[in-house]
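Shown next: data_24.pdb, containing PDB, C-alpha atoms.
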ATOM      1  CA  MET O   1    -165.313-171.634  41.427  1.00  0.00           C
ATOM      2  CA  THR O   2    -165.492-168.474  39.343  1.00  0.00           C
ATOM      3  CA  VAL O   3    -162.464-166.399  38.422  1.00  0.00           C
ATOM      4  CA  GLU O   4    -163.410-163.819  41.041  1.00  0.00           C
ATOM      5  CA  GLU O   5    -163.885-166.460  43.741  1.00  0.00           C
ATOM      6  CA  PHE O   6    -160.525-168.013  42.898  1.00  0.00           C
ATOM      7  CA  GLU O   7    -158.816-164.608  43.033  1.00  0.00           C
ATOM      8  CA  GLU O   8    -160.403-163.927  46.429  1.00  0.00           C
ATOM      9  CA  PHE O   9    -159.360-167.377  47.686  1.00  0.00           C
ATOM     10  CA  TYR O  10    -155.808-166.728  46.456  1.00  0.00           C
ATOM     11  CA  ALA O  11    -155.643-163.328  48.162  1.00  0.00           C
ATOM     12  CA  GLN O  12    -156.835-164.813  51.464  1.00  0.00           C
ATOM     13  CA  ALA O  13    -154.704-167.976  51.438  1.00  0.00           C
ATOM     14  CA  VAL O  14    -151.387-167.302  49.673  1.00  0.00           C
ATOM     15  CA  THR O  15    -149.577-165.665  52.596  1.00  0.00           C
ATOM     16  CA  ARG O  16    -150.800-168.236  55.098  1.00  0.00           C
ATOM     17  CA  LEU O  17    -149.841-171.156  52.838  1.00  0.00           C
ATOM     18  CA  THR O  18    -146.441-169.649  52.066  1.00  0.00           C
ATOM     19  CA  GLY O  19    -145.742-169.293  55.777  1.00  0.00           C
ATOM     20  CA  GLN O  20    -146.790-172.864  56.426  1.00  0.00           C
ATOM     21  CA  LEU O  21    -144.604-174.224  53.625  1.00  0.00           C
ATOM     22  CA  TYR O  22    -141.722-172.046  54.824  1.00  0.00           C
ATOM     23  CA  VAL O  23    -141.865-173.749  58.197  1.00  0.00           C
ATOM     24  CA  MET O  24    -142.145-177.168  56.541  1.00  0.00           C
ATOM     25  CA  THR O  25    -139.230-176.623  54.136  1.00  0.00           C
ATOM     26  CA  GLY O  26    -137.057-174.108  55.980  1.00  0.00           C
ATOM     27  CA  ASP O  27    -136.595-172.113  52.760  1.00  0.00           C
ATOM     28  CA  LEU O  28    -138.742-169.032  52.102  1.00  0.00           C
ATOM     29  CA  GLN O  29    -137.921-168.796  48.391  1.00  0.00           C
ATOM     30  CA  GLU O  30    -138.744-172.470  47.919  1.00  0.00           C
ATOM     31  CA  ALA O  31    -141.995-172.043  49.835  1.00  0.00           C
ATOM     32  CA  GLN O  32    -143.010-169.099  47.658  1.00  0.00           C
ATOM     33  CA  ASP O  33    -142.197-171.025  44.483  1.00  0.00           C
ATOM     34  CA  VAL O  34    -144.048-174.219  45.363  1.00  0.00           C
ATOM     35  CA  VAL O  35    -147.121-172.378  46.646  1.00  0.00           C
ATOM     36  CA  GLN O  36    -147.289-170.363  43.433  1.00  0.00           C
ATOM     37  CA  GLU O  37    -146.908-173.510  41.350  1.00  0.00           C
ATOM     38  CA  ALA O  38    -149.620-175.246  43.392  1.00  0.00           C
ATOM     39  CA  PHE O  39    -151.971-172.313  42.760  1.00  0.00           C
ATOM     40  CA  VAL O  40    -151.279-172.596  39.028  1.00  0.00           C
ATOM     41  CA  LYS O  41    -152.243-176.272  39.178  1.00  0.00           C
ATOM     42  CA  ALA O  42    -155.321-175.356  41.248  1.00  0.00           C
ATOM     43  CA  TRP O  43    -156.438-172.827  38.633  1.00  0.00           C
ATOM     44  CA  VAL O  44    -156.969-175.605  36.108  1.00  0.00           C
ATOM     45  CA  ARG O  45    -158.864-177.682  38.698  1.00  0.00           C
ATOM     46  CA  ARG O  46    -160.784-174.884  40.376  1.00  0.00           C
ATOM     47  CA  GLY O  47    -164.177-176.487  39.669  1.00  0.00           C
ATOM     48  CA  ARG O  48    -163.106-179.731  41.298  1.00  0.00           C
ATOM     49  CA  LEU O  49    -161.558-177.863  44.244  1.00  0.00           C
ATOM     50  CA  GLU O  50    -164.877-176.260  45.015  1.00  0.00           C
ATOM     51  CA  ARG O  51    -166.652-179.631  44.980  1.00  0.00           C
ATOM     52  CA  ASP O  52    -164.057-181.214  47.266  1.00  0.00           C
ATOM     53  CA  GLY O  53    -164.556-178.383  49.759  1.00  0.00           C
ATOM     54  CA  GLN O  54    -160.949-178.155  50.997  1.00  0.00           C
ATOM     55  CA  PRO O  55    -159.021-176.134  48.422  1.00  0.00           C
ATOM     56  CA  GLU O  56    -156.451-174.890  50.939  1.00  0.00           C
ATOM     57  CA  ALA O  57    -155.590-178.419  52.072  1.00  0.00           C
ATOM     58  CA  TRP O  58    -155.299-179.503  48.439  1.00  0.00           C
ATOM     59  CA  ILE O  59    -152.912-176.659  47.609  1.00  0.00           C
ATOM     60  CA  ARG O  60    -150.854-177.262  50.756  1.00  0.00           C
ATOM     61  CA  THR O  61    -150.505-180.963  49.869  1.00  0.00           C
ATOM     62  CA  VAL O  62    -149.564-180.220  46.255  1.00  0.00           C
ATOM     63  CA  ALA O  63    -147.051-177.585  47.361  1.00  0.00           C
ATOM     64  CA  TRP O  64    -145.474-180.041  49.824  1.00  0.00           C
ATOM     65  CA  ARG O  65    -145.181-182.702  47.115  1.00  0.00           C
ATOM     66  CA  LEU O  66    -143.620-180.176  44.748  1.00  0.00           C
ATOM     67  CA  ALA O  67    -141.094-179.202  47.414  1.00  0.00           C
ATOM     68  CA  VAL O  68    -140.162-182.843  47.977  1.00  0.00           C
ATOM     69  CA  SER O  69    -139.806-183.417  44.236  1.00  0.00           C
ATOM     70  CA  ARG O  70    -137.605-180.356  43.861  1.00  0.00           C
ATOM     71  CA  TRP O  71    -135.468-181.429  46.799  1.00  0.00           C
ATOM     72  CA  ARG O  72    -134.968-184.855  45.234  1.00  0.00           C
ATOM     73  CA  PHE O  73    -134.106-183.321  41.872  1.00  0.00           C
ATOM     74  CA  ARG O  74    -131.574-180.937  43.432  1.00  0.00           C
ATOM     75  CA  ARG O  75    -130.033-183.740  45.413  1.00  0.00           C
ATOM     76  CA  ARG O  76    -129.607-185.877  42.317  1.00  0.00           C
ATOM     77  CA  SER O  77    -128.235-182.918  40.384  1.00  0.00           C
ATOM     78  CA  ALA O  78    -125.793-182.033  43.158  1.00  0.00           C
ATOM     79  CA  ASP O  79    -124.591-185.608  43.279  1.00  0.00           C
ATOM     80  CA  ALA O  80    -124.086-185.606  39.514  1.00  0.00           C
ATOM     81  CA  TRP O  81    -122.528-182.161  39.075  1.00  0.00           C
ATOM     82  CA  GLY O  82    -121.024-181.298  42.443  1.00  0.00           C
ATOM     83  CA  ARG O  83    -121.460-178.038  44.227  1.00  0.00           C
ATOM     84  CA  GLY O  84    -120.936-174.766  42.348  1.00  0.00           C
ATOM     85  CA  HIS O  85    -118.343-172.212  43.413  1.00  0.00           C
ATOM     86  CA  GLY O  86    -120.376-169.013  42.921  1.00  0.00           C
ATOM     87  CA  GLY O  87    -119.671-166.048  45.177  1.00  0.00           C
ATOM     88  CA  ALA O  88    -122.251-165.132  47.800  1.00  0.00           C
ATOM     89  CA  GLU O  89    -123.703-161.651  47.841  1.00  0.00           C
ATOM     90  CA  HIS O  90    -123.760-159.633  51.068  1.00  0.00           C
ATOM     91  CA  VAL O  91    -126.966-160.007  53.061  1.00  0.00           C
ATOM     92  CA  ALA O  92    -127.767-158.576  56.475  1.00  0.00           C
ATOM     93  CA  PRO O  93    -127.542-161.198  59.218  1.00  0.00           C
ATOM     94  CA  PRO O  94    -130.830-162.694  60.400  1.00  0.00           C
ATOM     95  CA  ASP O  95    -132.224-162.294  63.893  1.00  0.00           C
ATOM     96  CA  PRO O  96    -130.439-164.777  66.220  1.00  0.00           C
ATOM     97  CA  ASP O  97    -133.734-166.112  67.621  1.00  0.00           C
ATOM     98  CA  HIS O  98    -134.939-166.790  64.078  1.00  0.00           C
ATOM     99  CA  VAL O  99    -131.727-168.672  63.303  1.00  0.00           C
ATOM    100  CA  VAL O 100    -132.052-170.825  66.424  1.00  0.00           C
ATOM    101  CA  LEU O 101    -135.682-171.682  65.647  1.00  0.00           C
ATOM    102  CA  VAL O 102    -135.029-172.472  61.971  1.00  0.00           C
ATOM    103  CA  ASP O 103    -132.004-174.604  62.903  1.00  0.00           C
ATOM    104  CA  ALA O 104    -134.040-176.476  65.506  1.00  0.00           C
ATOM    105  CA  LEU O 105    -136.825-177.118  62.998  1.00  0.00           C
ATOM    106  CA  ARG O 106    -134.355-178.252  60.344  1.00  0.00           C
ATOM    107  CA  GLU O 107    -132.897-180.815  62.762  1.00  0.00           C
ATOM    108  CA  LEU O 108    -136.293-182.491  63.102  1.00  0.00           C
ATOM    109  CA  PRO O 109    -137.196-185.310  60.742  1.00  0.00           C
ATOM    110  CA  ALA O 110    -139.243-183.958  57.825  1.00  0.00           C
ATOM    111  CA  GLN O 111    -142.436-185.719  58.861  1.00  0.00           C
ATOM    112  CA  GLN O 112    -142.256-184.357  62.434  1.00  0.00           C
ATOM    113  CA  ARG O 113    -141.645-180.850  61.073  1.00  0.00           C
ATOM    114  CA  ARG O 114    -144.585-181.191  58.682  1.00  0.00           C
ATOM    115  CA  THR O 115    -146.866-182.560  61.411  1.00  0.00           C
ATOM    116  CA  LEU O 116    -145.952-179.767  63.845  1.00  0.00           C
ATOM    117  CA  THR O 117    -146.548-177.182  61.119  1.00  0.00           C
ATOM    118  CA  LEU O 118    -149.949-178.590  60.199  1.00  0.00           C
ATOM    119  CA  HIS O 119    -150.980-178.743  63.856  1.00  0.00           C
ATOM    120  CA  TYR O 120    -149.640-175.437  65.172  1.00  0.00           C
ATOM    121  CA  LEU O 121    -149.537-173.162  62.140  1.00  0.00           C
ATOM    122  CA  CYS O 122    -152.443-174.574  60.150  1.00  0.00           C
ATOM    123  CA  ASP O 123    -154.453-175.317  63.314  1.00  0.00           C
ATOM    124  CA  LEU O 124    -155.473-178.746  62.023  1.00  0.00           C
ATOM    125  CA  THR O 125    -156.687-181.497  64.320  1.00  0.00           C
ATOM    126  CA  VAL O 126    -154.909-184.834  64.549  1.00  0.00           C
ATOM    127  CA  GLU O 127    -157.648-186.380  62.408  1.00  0.00           C
ATOM    128  CA  GLN O 128    -157.337-183.672  59.751  1.00  0.00           C
ATOM    129  CA  ILE O 129    -153.560-184.100  59.628  1.00  0.00           C
ATOM    130  CA  ALA O 130    -153.997-187.861  59.267  1.00  0.00           C
ATOM    131  CA  GLY O 131    -156.393-187.287  56.371  1.00  0.00           C
ATOM    132  CA  GLU O 132    -154.032-184.867  54.656  1.00  0.00           C
ATOM    133  CA  THR O 133    -150.858-186.893  55.129  1.00  0.00           C
ATOM    134  CA  GLY O 134    -152.215-190.417  54.856  1.00  0.00           C
ATOM    135  CA  LEU O 135    -150.715-191.366  58.235  1.00  0.00           C
ATOM    136  CA  SER O 136    -152.625-192.932  61.123  1.00  0.00           C
ATOM    137  CA  THR O 137    -153.800-190.761  64.017  1.00  0.00           C
ATOM    138  CA  SER O 138    -151.498-192.622  66.412  1.00  0.00           C
ATOM    139  CA  THR O 139    -148.529-191.876  64.128  1.00  0.00           C
ATOM    140  CA  ILE O 140    -149.529-188.198  64.032  1.00  0.00           C
ATOM    141  CA  LYS O 141    -149.727-188.110  67.838  1.00  0.00           C
ATOM    142  CA  THR O 142    -146.312-189.745  68.080  1.00  0.00           C
ATOM    143  CA  HIS O 143    -144.806-187.187  65.671  1.00  0.00           C
ATOM    144  CA  LEU O 144    -146.325-184.346  67.697  1.00  0.00           C
ATOM    145  CA  VAL O 145    -145.036-185.638  71.033  1.00  0.00           C
ATOM    146  CA  ARG O 146    -141.556-186.381  69.727  1.00  0.00           C
ATOM    147  CA  GLY O 147    -141.358-183.138  67.746  1.00  0.00           C
ATOM    148  CA  ARG O 148    -142.389-181.023  70.740  1.00  0.00           C
ATOM    149  CA  ALA O 149    -139.885-182.808  72.963  1.00  0.00           C
ATOM    150  CA  ALA O 150    -137.074-182.359  70.438  1.00  0.00           C
ATOM    151  CA  LEU O 151    -137.866-178.661  69.988  1.00  0.00           C
ATOM    152  CA  ALA O 152    -138.094-178.097  73.738  1.00  0.00           C
ATOM    153  CA  HIS O 153    -134.675-179.681  74.161  1.00  0.00           C
ATOM    154  CA  ARG O 154    -133.104-177.759  71.256  1.00  0.00           C
ATOM    155  CA  LEU O 155    -134.651-174.405  72.194  1.00  0.00           C
ATOM    156  CA  ARG O 156    -133.779-174.592  75.882  1.00  0.00           C
ATOM    157  CA  ASP O 157    -131.649-171.622  76.870  1.00  0.00           C
ATOM    158  CA  PRO O 158    -128.525-172.920  78.637  1.00  0.00           C
ATOM    159  CA  ARG O 159    -128.038-169.522  80.289  1.00  0.00           C
ATOM    160  CA  ILE O 160    -131.207-170.017  82.331  1.00  0.00           C
ATOM    161  CA  GLU O 161    -130.731-172.465  85.138  1.00  0.00           C
ATOM    162  CA  GLU O 162    -133.706-174.337  86.447  1.00  0.00           C
ATOM    163  CA  ALA O 163    -134.723-173.378  89.971  1.00  0.00           C
ATOM    164  CA  PRO O 164    -133.804-176.055  92.492  1.00  0.00           C
ATOM    165  CA  ASP O 165    -136.637-177.922  94.144  1.00  0.00           C
ATOM    166  CA  VAL O 166    -137.393-176.521  97.571  1.00  0.00           C
TER     167      VAL O 166
END

If you took the structure in this file and wrote it as structure tokens, what would it be?
Amino acid sequence: MTVEEFEEFYAQAVTRLTGQLYVMTGDLQEAQDVVQEAFVKAWVRRGRLERDGQPEAWIRTVAWRLAVSRWRFRRRSADAWGRGHGGAEHVAPPDPDHVVLVDALRELPAQQRRTLTLHYLCDLTVEQIAGETGLSTSTIKTHLVRGRAALAHRLRDPRIEEAPDV
């Protein structure tokens, strides 16, 4: 992959990958950081990425692993040092629908959230998700069914009553 080809690949994929990792992690800043770091790692391996034929999947996997590693590091650090007492700066409130969706996604187990993201945002098949995650296709199907059911339950609007059967 030449420098120009890599730059074109970056321009086409960075926003999509950042969005996917945002859904997987629930943290936009974290998603931006890990995607950028994954692209830096990809730069060194750009020749191998071209031979493998799935550079976007490789970057998504590396970014996910980086996010997990960072989460583990922060968790260990928080346990060791305790939470800081810094003041929060004023930020405009987010859209209520966005908050509900992000909260619902955060309540899902990480693997269900990742599987739903790969299937619905990345438009990967069950077989492709299994190849990328190392899980069996039946496990992927189970995660999809359970994740959809959990989201449907969490996103149900209690103000809307179901119509009685006639």

Original post:
Once the PyMOL selection byres ((chain O and resi 45) around 12) has been applied to the shown file, what residues remain in the selection, as a count of residues only?
Top reply: 21

**OP:** Find, counting only C-alpha atoms, the residue in O:Val145, O:Val62, O:Leu151, O:Ala92 that gets nearest to Thr133 (chain O).
**Re:** O:Val62

**OP:** Please indicate the distance in Å from CA of Ser138 (chain O) to CA of Val126 (chain O), rounded to one decimal place.
**Re:** 8.7 Å

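Neighbouring residues of Tyr10 (chain O) at 10 Å or closer, counting all atoms listed in the file and skipping chain neighbours under 3 positions away, are Glu4, Glu5, Phe6, Glu7, Ala13, Val14, Thr15, Leu17, Gln36, Phe39, Trp43 and Glu56 of chain O.
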
Selection file, C-alpha atoms, as a JSON list (two decimals), in the frame of the given file:
[["chain", "number", "residue", "atom", "x", "y", "z"],
["O", 4, "GLU", "CA", -163.41, -163.82, 41.04],
["O", 5, "GLU", "CA", -163.88, -166.46, 43.74],
["O", 6, "PHE", "CA", -160.52, -168.01, 42.90],
["O", 7, "GLU", "CA", -158.82, -164.61, 43.03],
["O", 13, "ALA", "CA", -154.70, -167.98, 51.44],
["O", 14, "VAL", "CA", -151.39, -167.30, 49.67],
["O", 15, "THR", "CA", -149.58, -165.66, 52.60],
["O", 17, "LEU", "CA", -149.84, -171.16, 52.84],
["O", 36, "GLN", "CA", -147.29, -170.36, 43.43],
["O", 39, "PHE", "CA", -151.97, -172.31, 42.76],
["O", 43, "TRP", "CA", -156.44, -172.83, 38.63],
["O", 56, "GLU", "CA", -156.45, -174.89, 50.94]]

Original post:
For Phe9 (chain O), which residue out of O:Leu121, O:Gln54, O:Ala150, O:Ala104 is the nearest one, using all atoms listed in the file?
Top reply: O:Gln54

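Of note, CA of Arg16 (chain O) and CA of Ala31 (chain O) are spaced 10.9 Å apart.
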
**OP:** Write out as number ranges by chain which residues come within 10 Å of Val100 (chain O) when counting only C-alpha atoms, dropping same-chain ones fewer than 5 positions away.
**Re:** O: 95, 105-106, 154-155

Original post:
From the set O:Ala110, O:Cys122, O:Leu101, O:Val68, which residue has the shortest atom-to-atom contact distance to Gln20 (chain O), counting all atoms listed in the file?
Top reply: O:Cys122

If I only want region 98-130 of chain O, can you write it with N, CA and C atoms, as an mmCIF file, in the first residue's frame?
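As written to disk, result-v2.cif reads:
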data_model
loop_
_atom_site.group_PDB
_atom_site.id
_atom_site.type_symbol
_atom_site.label_atom_id
_atom_site.label_comp_id
_atom_site.auth_asym_id
_atom_site.auth_seq_id
_atom_site.Cartn_x
_atom_site.Cartn_y
_atom_site.Cartn_z
ATOM 1 N N HIS O 98 -30.517 10.401 22.677
ATOM 2 C CA HIS O 98 -29.129 9.932 22.627
ATOM 3 C C HIS O 98 -28.737 9.330 23.973
ATOM 4 N N VAL O 99 -29.111 9.991 25.046
ATOM 5 C CA VAL O 99 -28.781 9.516 26.390
ATOM 6 C C VAL O 99 -29.419 8.152 26.644
ATOM 7 N N VAL O 100 -30.678 8.002 26.268
ATOM 8 C CA VAL O 100 -31.385 6.743 26.481
ATOM 9 C C VAL O 100 -30.712 5.622 25.696
ATOM 10 N N LEU O 101 -30.361 5.890 24.440
ATOM 11 C CA LEU O 101 -29.722 4.870 23.611
ATOM 12 C C LEU O 101 -28.350 4.491 24.163
ATOM 13 N N VAL O 102 -27.532 5.489 24.497
ATOM 14 C CA VAL O 102 -26.195 5.206 25.031
ATOM 15 C C VAL O 102 -26.299 4.436 26.350
ATOM 16 N N ASP O 103 -27.222 4.834 27.213
ATOM 17 C CA ASP O 103 -27.414 4.113 28.479
ATOM 18 C C ASP O 103 -27.835 2.667 28.231
ATOM 19 N N ALA O 104 -28.740 2.470 27.283
ATOM 20 C CA ALA O 104 -29.194 1.114 26.976
ATOM 21 C C ALA O 104 -28.039 0.269 26.434
ATOM 22 N N LEU O 105 -27.226 0.855 25.572
ATOM 23 C CA LEU O 105 -26.077 0.121 25.038
ATOM 24 C C LEU O 105 -25.055 -0.180 26.128
ATOM 25 N N ARG O 106 -24.841 0.759 27.027
ATOM 26 C CA ARG O 106 -23.873 0.548 28.103
ATOM 27 C C ARG O 106 -24.313 -0.554 29.064
ATOM 28 N N GLU O 107 -25.614 -0.778 29.184
ATOM 29 C CA GLU O 107 -26.120 -1.816 30.078
ATOM 30 C C GLU O 107 -25.929 -3.219 29.499
ATOM 31 N N LEU O 108 -25.692 -3.295 28.194
ATOM 32 C CA LEU O 108 -25.457 -4.604 27.579
ATOM 33 C C LEU O 108 -24.064 -5.107 27.942
ATOM 34 N N PRO O 109 -23.907 -6.417 28.019
ATOM 35 C CA PRO O 109 -22.549 -6.954 28.175
ATOM 36 C C PRO O 109 -21.687 -6.518 26.988
ATOM 37 N N ALA O 110 -20.411 -6.320 27.230
ATOM 38 C CA ALA O 110 -19.506 -5.784 26.201
ATOM 39 C C ALA O 110 -19.534 -6.606 24.917
ATOM 40 N N GLN O 111 -19.572 -7.914 25.024
ATOM 41 C CA GLN O 111 -19.544 -8.735 23.821
ATOM 42 C C GLN O 111 -20.838 -8.603 23.017
ATOM 43 N N GLN O 112 -21.984 -8.469 23.690
ATOM 44 C CA GLN O 112 -23.239 -8.235 22.955
ATOM 45 C C GLN O 112 -23.189 -6.892 22.248
ATOM 46 N N ARG O 113 -22.701 -5.865 22.944
ATOM 47 C CA ARG O 113 -22.603 -4.525 22.354
ATOM 48 C C ARG O 113 -21.691 -4.555 21.130
ATOM 49 N N ARG O 114 -20.553 -5.241 21.260
ATOM 50 C CA ARG O 114 -19.612 -5.327 20.142
ATOM 51 C C ARG O 114 -20.246 -6.078 18.975
ATOM 52 N N THR O 115 -20.919 -7.182 19.256
ATOM 53 C CA THR O 115 -21.539 -7.982 18.203
ATOM 54 C C THR O 115 -22.627 -7.186 17.481
ATOM 55 N N LEU O 116 -23.478 -6.497 18.238
ATOM 56 C CA LEU O 116 -24.517 -5.669 17.616
ATOM 57 C C LEU O 116 -23.907 -4.570 16.751
ATOM 58 N N THR O 117 -22.828 -3.966 17.229
ATOM 59 C CA THR O 117 -22.162 -2.913 16.463
ATOM 60 C C THR O 117 -21.604 -3.466 15.159
ATOM 61 N N LEU O 118 -20.909 -4.591 15.241
ATOM 62 C CA LEU O 118 -20.325 -5.175 14.034
ATOM 63 C C LEU O 118 -21.412 -5.570 13.039
ATOM 64 N N HIS O 119 -22.540 -6.053 13.538
ATOM 65 C CA HIS O 119 -23.604 -6.497 12.635
ATOM 66 C C HIS O 119 -24.379 -5.324 12.040
ATOM 67 N N TYR O 120 -24.791 -4.376 12.877
ATOM 68 C CA TYR O 120 -25.675 -3.317 12.398
ATOM 69 C C TYR O 120 -24.955 -2.067 11.906
ATOM 70 N N LEU O 121 -23.836 -1.707 12.513
ATOM 71 C CA LEU O 121 -23.128 -0.531 12.043
ATOM 72 C C LEU O 121 -22.094 -0.873 10.981
ATOM 73 N N CYS O 122 -21.404 -1.984 11.172
ATOM 74 C CA CYS O 122 -20.364 -2.383 10.220
ATOM 75 C C CYS O 122 -20.928 -3.231 9.089
ATOM 76 N N ASP O 123 -22.180 -3.668 9.231
ATOM 77 C CA ASP O 123 -22.867 -4.473 8.225
ATOM 78 C C ASP O 123 -22.114 -5.766 7.925
ATOM 79 N N LEU O 124 -21.574 -6.398 8.975
ATOM 80 C CA LEU O 124 -20.869 -7.659 8.799
ATOM 81 C C LEU O 124 -21.841 -8.814 8.978
ATOM 82 N N THR O 125 -21.587 -9.897 8.268
ATOM 83 C CA THR O 125 -22.395 -11.101 8.426
ATOM 84 C C THR O 125 -21.987 -11.811 9.708
ATOM 85 N N VAL O 126 -22.783 -12.780 10.099
ATOM 86 C CA VAL O 126 -22.480 -13.566 11.302
ATOM 87 C C VAL O 126 -21.118 -14.245 11.135
ATOM 88 N N GLU O 127 -20.860 -14.770 9.957
ATOM 89 C CA GLU O 127 -19.586 -15.449 9.702
ATOM 90 C C GLU O 127 -18.408 -14.476 9.784
ATOM 91 N N GLN O 128 -18.579 -13.278 9.255
ATOM 92 C CA GLN O 128 -17.512 -12.280 9.319
ATOM 93 C C GLN O 128 -17.250 -11.847 10.750
ATOM 94 N N ILE O 129 -18.302 -11.694 11.534
ATOM 95 C CA ILE O 129 -18.140 -11.322 12.945
ATOM 96 C C ILE O 129 -17.411 -12.437 13.686
ATOM 97 N N ALA O 130 -17.775 -13.679 13.408
ATOM 98 C CA ALA O 130 -17.113 -14.814 14.047
ATOM 99 C C ALA O 130 -15.626 -14.812 13.706
#
